[in-house]
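Some notes on the structure that comes next.
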Amino acid sequence: MEPVIDFGKRGKNAMAKLLDVDELANYLRLRKQTIYNWLHQGKISGMKMGGVWRFDRREVDTWLKSKRRMTKEIKSGEKP
(Lines give C-alpha, C1' and ligand atoms only; values in the text may rest on other atoms or scores of the structure.)
Protein backbone atom coordinates (compact mmCIF):
# COMPACT_ATOMS: atom_id res chain seq x y z
CA MET A 1 0.00 0.00 0.00
CA GLU A 2 1.32 3.43 -0.93
CA PRO A 3 2.03 6.03 1.77
CA VAL A 4 -0.64 8.64 2.34
CA ILE A 5 0.17 12.33 2.27
CA ASP A 6 -1.01 13.75 5.59
CA PHE A 7 -1.86 17.44 5.62
CA GLY A 8 -3.18 17.56 9.18
CA LYS A 9 -0.89 20.13 10.86
CA ARG A 10 -0.62 23.73 9.69
CA GLY A 11 1.40 26.72 10.84
CA LYS A 12 0.37 30.37 10.80
CA ASN A 13 2.04 30.95 7.42
CA ALA A 14 0.65 27.81 5.79
CA MET A 15 -1.71 29.70 3.48
CA ALA A 16 1.26 30.90 1.42
CA LYS A 17 2.36 27.28 0.88
CA LEU A 18 -1.03 25.77 -0.04
CA LEU A 19 -1.69 24.53 -3.58
CA ASP A 20 -5.08 24.01 -5.20
CA VAL A 21 -5.83 21.01 -7.43
CA ASP A 22 -4.71 22.82 -10.60
CA GLU A 23 -1.43 23.89 -9.03
CA LEU A 24 -0.76 20.44 -7.53
CA ALA A 25 -1.49 18.71 -10.84
CA ASN A 26 0.82 21.12 -12.63
CA TYR A 27 3.54 20.71 -9.97
CA LEU A 28 3.39 16.90 -10.20
CA ARG A 29 2.82 16.96 -13.98
CA LEU A 30 -0.38 14.95 -13.61
CA ARG A 31 -3.93 15.39 -14.79
CA LYS A 32 -6.36 17.02 -12.34
CA GLN A 33 -8.46 13.85 -12.48
CA THR A 34 -5.51 11.87 -11.09
CA ILE A 35 -5.41 14.19 -8.05
CA TYR A 36 -9.16 13.72 -7.51
CA ASN A 37 -8.76 9.93 -7.92
CA TRP A 38 -5.96 9.87 -5.34
CA LEU A 39 -8.15 11.86 -2.94
CA HIS A 40 -11.01 9.40 -3.39
CA GLN A 41 -8.64 6.40 -2.98
CA GLY A 42 -7.03 7.86 0.15
CA LYS A 43 -3.56 8.06 -1.39
CA ILE A 44 -3.40 11.75 -0.59
CA SER A 45 -5.32 14.00 1.74
CA GLY A 46 -5.99 17.68 1.74
CA MET A 47 -8.40 20.16 3.17
CA LYS A 48 -11.38 21.72 1.52
CA MET A 49 -11.65 25.47 2.01
CA GLY A 50 -14.54 27.32 0.43
CA GLY A 51 -15.25 24.34 -1.81
CA VAL A 52 -11.64 24.21 -3.07
CA TRP A 53 -9.21 21.42 -2.19
CA ARG A 54 -5.88 22.68 -0.80
CA PHE A 55 -2.58 20.83 -0.33
CA ASP A 56 0.50 21.78 1.67
CA ARG A 57 3.45 21.91 -0.70
CA ARG A 58 5.92 20.96 2.05
CA GLU A 59 3.92 17.77 2.73
CA VAL A 60 3.84 17.00 -0.98
CA ASP A 61 7.62 17.44 -1.17
CA THR A 62 8.11 15.15 1.85
CA TRP A 63 5.87 12.53 0.24
CA LEU A 64 7.82 12.77 -3.03
CA LYS A 65 11.11 12.26 -1.19
CA SER A 66 9.72 9.18 0.57
CA LYS A 67 8.65 7.76 -2.79
CA ARG A 68 12.14 8.34 -4.18
CA ARG A 69 13.73 6.37 -1.34
CA MET A 70 11.28 3.51 -1.85
CA THR A 71 12.18 3.39 -5.53
CA LYS A 72 15.91 3.25 -4.74
CA GLU A 73 15.34 0.35 -2.33
CA ILE A 74 13.41 -1.61 -4.93
CA LYS A 75 16.01 -0.97 -7.62
CA SER A 76 18.84 -2.10 -5.35
CA GLY A 77 17.13 -5.46 -4.91
CA GLU A 78 15.81 -4.90 -1.38
CA LYS A 79 12.22 -5.68 -0.58
CA PRO A 80 10.11 -2.67 0.46
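Note on naming: chains are A, B, ... as they come in the C-alpha coordinates, residues start from 1 per chain, ligands start from 1 in the order shown.
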Item to check | Residues within 7 Å of segment 14-30 of chain A, only C-alpha atoms, excluding chain neighbours under 3 positions, as a list in words | outcome: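 Within the cut-off, the hits are Arg10, Gly11, Thr34, Ile35, Val52, Trp53, Arg54, Phe55, Asp56 and Arg57 of chain A.
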Item to check | Surrounding residues of segment 36-38 of chain A excluding itself and chain neighbours under 4 positions, 10 Å, only C-alpha atoms, as number ranges by chain | outcome: A: 4, 21, 25, 31-32, 42-45, 53
Item to check | atom CA of Glu59 of chain A to atom CA of Gly46 of chain A, distance in Å rounded to a single decimal | outcome: 10.0 Å
Checklist entry - In segment 16-60 of chain A, what's alpha helix (DSSP H) per DSSP? Answer as a PyMOL selection string? => result chain A and resi 21-28+32-41+57-60
Selection from above, N, CA and C atoms, as an mmCIF file, in the first residue's frame, can you write it?
data_model
loop_
_atom_site.group_PDB
_atom_site.id
_atom_site.type_symbol
_atom_site.label_atom_id
_atom_site.label_comp_id
_atom_site.auth_asym_id
_atom_site.auth_seq_id
_atom_site.Cartn_x
_atom_site.Cartn_y
_atom_site.Cartn_z
ATOM 1 N N VAL A 21 -5.942 22.204 -6.586
ATOM 2 C CA VAL A 21 -5.830 21.010 -7.433
ATOM 3 C C VAL A 21 -5.096 21.320 -8.735
ATOM 4 N N ASP A 22 -5.400 22.445 -9.363
ATOM 5 C CA ASP A 22 -4.715 22.823 -10.604
ATOM 6 C C ASP A 22 -3.216 22.958 -10.382
ATOM 7 N N GLU A 23 -2.845 23.662 -9.312
ATOM 8 C CA GLU A 23 -1.433 23.886 -9.031
ATOM 9 C C GLU A 23 -0.705 22.586 -8.686
ATOM 10 N N LEU A 24 -1.369 21.718 -7.896
ATOM 11 C CA LEU A 24 -0.756 20.442 -7.534
ATOM 12 C C LEU A 24 -0.577 19.561 -8.763
ATOM 13 N N ALA A 25 -1.593 19.500 -9.610
ATOM 14 C CA ALA A 25 -1.490 18.705 -10.837
ATOM 15 C C ALA A 25 -0.357 19.222 -11.720
ATOM 16 N N ASN A 26 -0.253 20.524 -11.832
ATOM 17 C CA ASN A 26 0.818 21.121 -12.631
ATOM 18 C C ASN A 26 2.178 20.828 -12.005
ATOM 19 N N TYR A 27 2.285 20.957 -10.684
ATOM 20 C CA TYR A 27 3.537 20.713 -9.970
ATOM 21 C C TYR A 27 3.994 19.267 -10.134
ATOM 22 N N LEU A 28 3.058 18.320 -10.070
ATOM 23 C CA LEU A 28 3.387 16.904 -10.198
ATOM 24 C C LEU A 28 3.361 16.411 -11.646
ATOM 25 N N LYS A 32 -5.547 16.694 -13.521
ATOM 26 C CA LYS A 32 -6.359 17.020 -12.340
ATOM 27 C C LYS A 32 -7.163 15.811 -11.893
ATOM 28 N N GLN A 33 -7.665 15.016 -12.828
ATOM 29 C CA GLN A 33 -8.464 13.851 -12.479
ATOM 30 C C GLN A 33 -7.656 12.862 -11.645
ATOM 31 N N THR A 34 -6.362 12.754 -11.898
ATOM 32 C CA THR A 34 -5.513 11.874 -11.094
ATOM 33 C C THR A 34 -5.487 12.340 -9.642
ATOM 34 N N ILE A 35 -5.398 13.641 -9.419
ATOM 35 C CA ILE A 35 -5.407 14.190 -8.055
ATOM 36 C C ILE A 35 -6.728 13.843 -7.375
ATOM 37 N N TYR A 36 -7.846 14.056 -8.078
ATOM 38 C CA TYR A 36 -9.159 13.716 -7.505
ATOM 39 C C TYR A 36 -9.273 12.214 -7.236
ATOM 40 N N ASN A 37 -8.745 11.392 -8.140
ATOM 41 C CA ASN A 37 -8.762 9.932 -7.925
ATOM 42 C C ASN A 37 -7.971 9.573 -6.676
ATOM 43 N N TRP A 38 -6.789 10.146 -6.511
ATOM 44 C CA TRP A 38 -5.962 9.872 -5.341
ATOM 45 C C TRP A 38 -6.667 10.301 -4.052
ATOM 46 N N LEU A 39 -7.371 11.429 -4.104
ATOM 47 C CA LEU A 39 -8.146 11.860 -2.935
ATOM 48 C C LEU A 39 -9.202 10.823 -2.585
ATOM 49 N N HIS A 40 -9.938 10.383 -3.592
ATOM 50 C CA HIS A 40 -11.007 9.399 -3.387
ATOM 51 C C HIS A 40 -10.450 8.068 -2.872
ATOM 52 N N GLN A 41 -9.265 7.677 -3.359
ATOM 53 C CA GLN A 41 -8.642 6.401 -2.978
ATOM 54 C C GLN A 41 -7.888 6.487 -1.652
ATOM 55 N N ARG A 57 2.350 22.269 0.191
ATOM 56 C CA ARG A 57 3.453 21.909 -0.705
ATOM 57 C C ARG A 57 4.589 21.209 0.043
ATOM 58 N N ARG A 58 4.851 21.607 1.275
ATOM 59 C CA ARG A 58 5.916 20.957 2.049
ATOM 60 C C ARG A 58 5.599 19.480 2.270
ATOM 61 N N GLU A 59 4.329 19.174 2.545
ATOM 62 C CA GLU A 59 3.923 17.774 2.732
ATOM 63 C C GLU A 59 4.029 16.994 1.430
ATOM 64 N N VAL A 60 3.702 17.643 0.336
ATOM 65 C CA VAL A 60 3.843 16.998 -0.983
ATOM 66 C C VAL A 60 5.314 16.686 -1.244
#
